[in-house]
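Below: one structure, written as structure tokens.
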Amino acid sequence: MRFCIHQATCSRGTQALITSGLLTLAPLSGLAQPATAPAQQTCAAGEARSVVGQPYSPELAERARRTAGAREVRKIEPGGAYTTDLDAHRLNVEVDRAGIVRDLRCG
């Protein structure tokens with residue numbers, strides 16, 4: 001394919017094709033830029049290990065959630081029914097039958 005170097009040597013049809021092609025490609029140039037998504041903070045259960053061995057309370061769970069950097073907290077009790085979906089931003093506080101925190105994990 002041969003493109004016109006000078007506008008005077010191009011036919012109107014060729015000019016229209018070149019212009020429409022450039023206009024079509026112009027919006028796509030923005031797609032080639034790398035996307036920079038903000039780093040998302042995930043749960044770090046190990047940061048809140050100090051609550052293990054303590055009696056569970058909503059206040060203790062909230063403190064552990066903040067310390068772990070989680071968005072939400074969920075109490076896991078023996079025999080309870082829970083969703084199996086994993087959420088990297090959720091802190092699971094596992095308690096025993098006496099209500100003592102036995103483990104923390106994210107998910």
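Within each chain, counting starts at residue 1; across the structure tokens, chains are named A, B, ... in the order shown, with ligands numbered 1 upward in that order.
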Original post:
Contacts of segment 59-61 of chain A at 10 Å or less, counting only C-alpha atoms, minus same-chain residues fewer than 2 places along, as a list in words?
Top reply: Ala48, Val51, Gln54, Pro55, Tyr56, Ser57, Arg63, Ala64, Arg65, Arg66, Thr67, Glu72, Val73, Arg74, Lys75, Leu91, Asn92, Val93 and Val101 of chain A
Writer output for current selection, C-alpha atoms, as an mmCIF file, in the first residue's frame:
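Just written: selection-v4.cif:
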```cif
data_model
loop_
_atom_site.group_PDB
_atom_site.id
_atom_site.type_symbol
_atom_site.label_atom_id
_atom_site.label_comp_id
_atom_site.auth_asym_id
_atom_site.auth_seq_id
_atom_site.Cartn_x
_atom_site.Cartn_y
_atom_site.Cartn_z
ATOM 1 C CA ALA A 48 -2.711 -10.204 65.576
ATOM 2 C CA VAL A 51 -5.203 -12.395 70.974
ATOM 3 C CA GLN A 54 -7.867 -14.824 75.251
ATOM 4 C CA PRO A 55 -11.649 -15.026 75.666
ATOM 5 C CA TYR A 56 -13.471 -13.908 72.522
ATOM 6 C CA SER A 57 -15.377 -10.631 72.586
ATOM 7 C CA ARG A 63 -8.835 -5.018 67.722
ATOM 8 C CA ALA A 64 -7.468 -8.132 65.968
ATOM 9 C CA ARG A 65 -9.073 -7.037 62.685
ATOM 10 C CA ARG A 66 -7.423 -3.620 62.823
ATOM 11 C CA THR A 67 -4.063 -5.092 63.821
ATOM 12 C CA GLU A 72 -13.794 -7.658 58.075
ATOM 13 C CA VAL A 73 -13.672 -10.259 60.826
ATOM 14 C CA ARG A 74 -15.574 -13.508 61.224
ATOM 15 C CA LYS A 75 -15.928 -15.669 64.334
ATOM 16 C CA LEU A 91 -9.749 -12.319 59.362
ATOM 17 C CA ASN A 92 -11.223 -15.550 60.741
ATOM 18 C CA VAL A 93 -11.055 -15.823 64.522
ATOM 19 C CA VAL A 101 -9.467 -17.772 70.695
#
```
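The residues of segment 29-95 of chain A that DSSP classifies as alpha helix (DSSP H), using the backbone of this structure, are Pro58, Glu59, Leu60, Ala61, Glu62, Arg63, Ala64, Arg65, Arg66, Thr67 and Ala68 of chain A.
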Original post:
Interatomic distance between atom CA of Ala44 of chain A and atom CA of Ala68 of chain A?
Top reply: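 Result for atom CA of Ala44 of chain A versus atom CA of Ala68 of chain A: 4.7 Å, one decimal.
Comparing A:Arg90, A:Arg97, A:Arg71, A:Arg105 by their smallest distance to Ala45 of chain A, the closest is A:Arg105 (using only C-alpha atoms).
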Subject >> Among listed residues A:Ala70, A:Ala98, A:Cys106, A:Cys43, nearest Asp85 of chain A (using only C-alpha atoms) >> reply: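 Nearest candidate to Asp85 of chain A out of A:Ala70, A:Ala98, A:Cys106, A:Cys43: A:Cys106.
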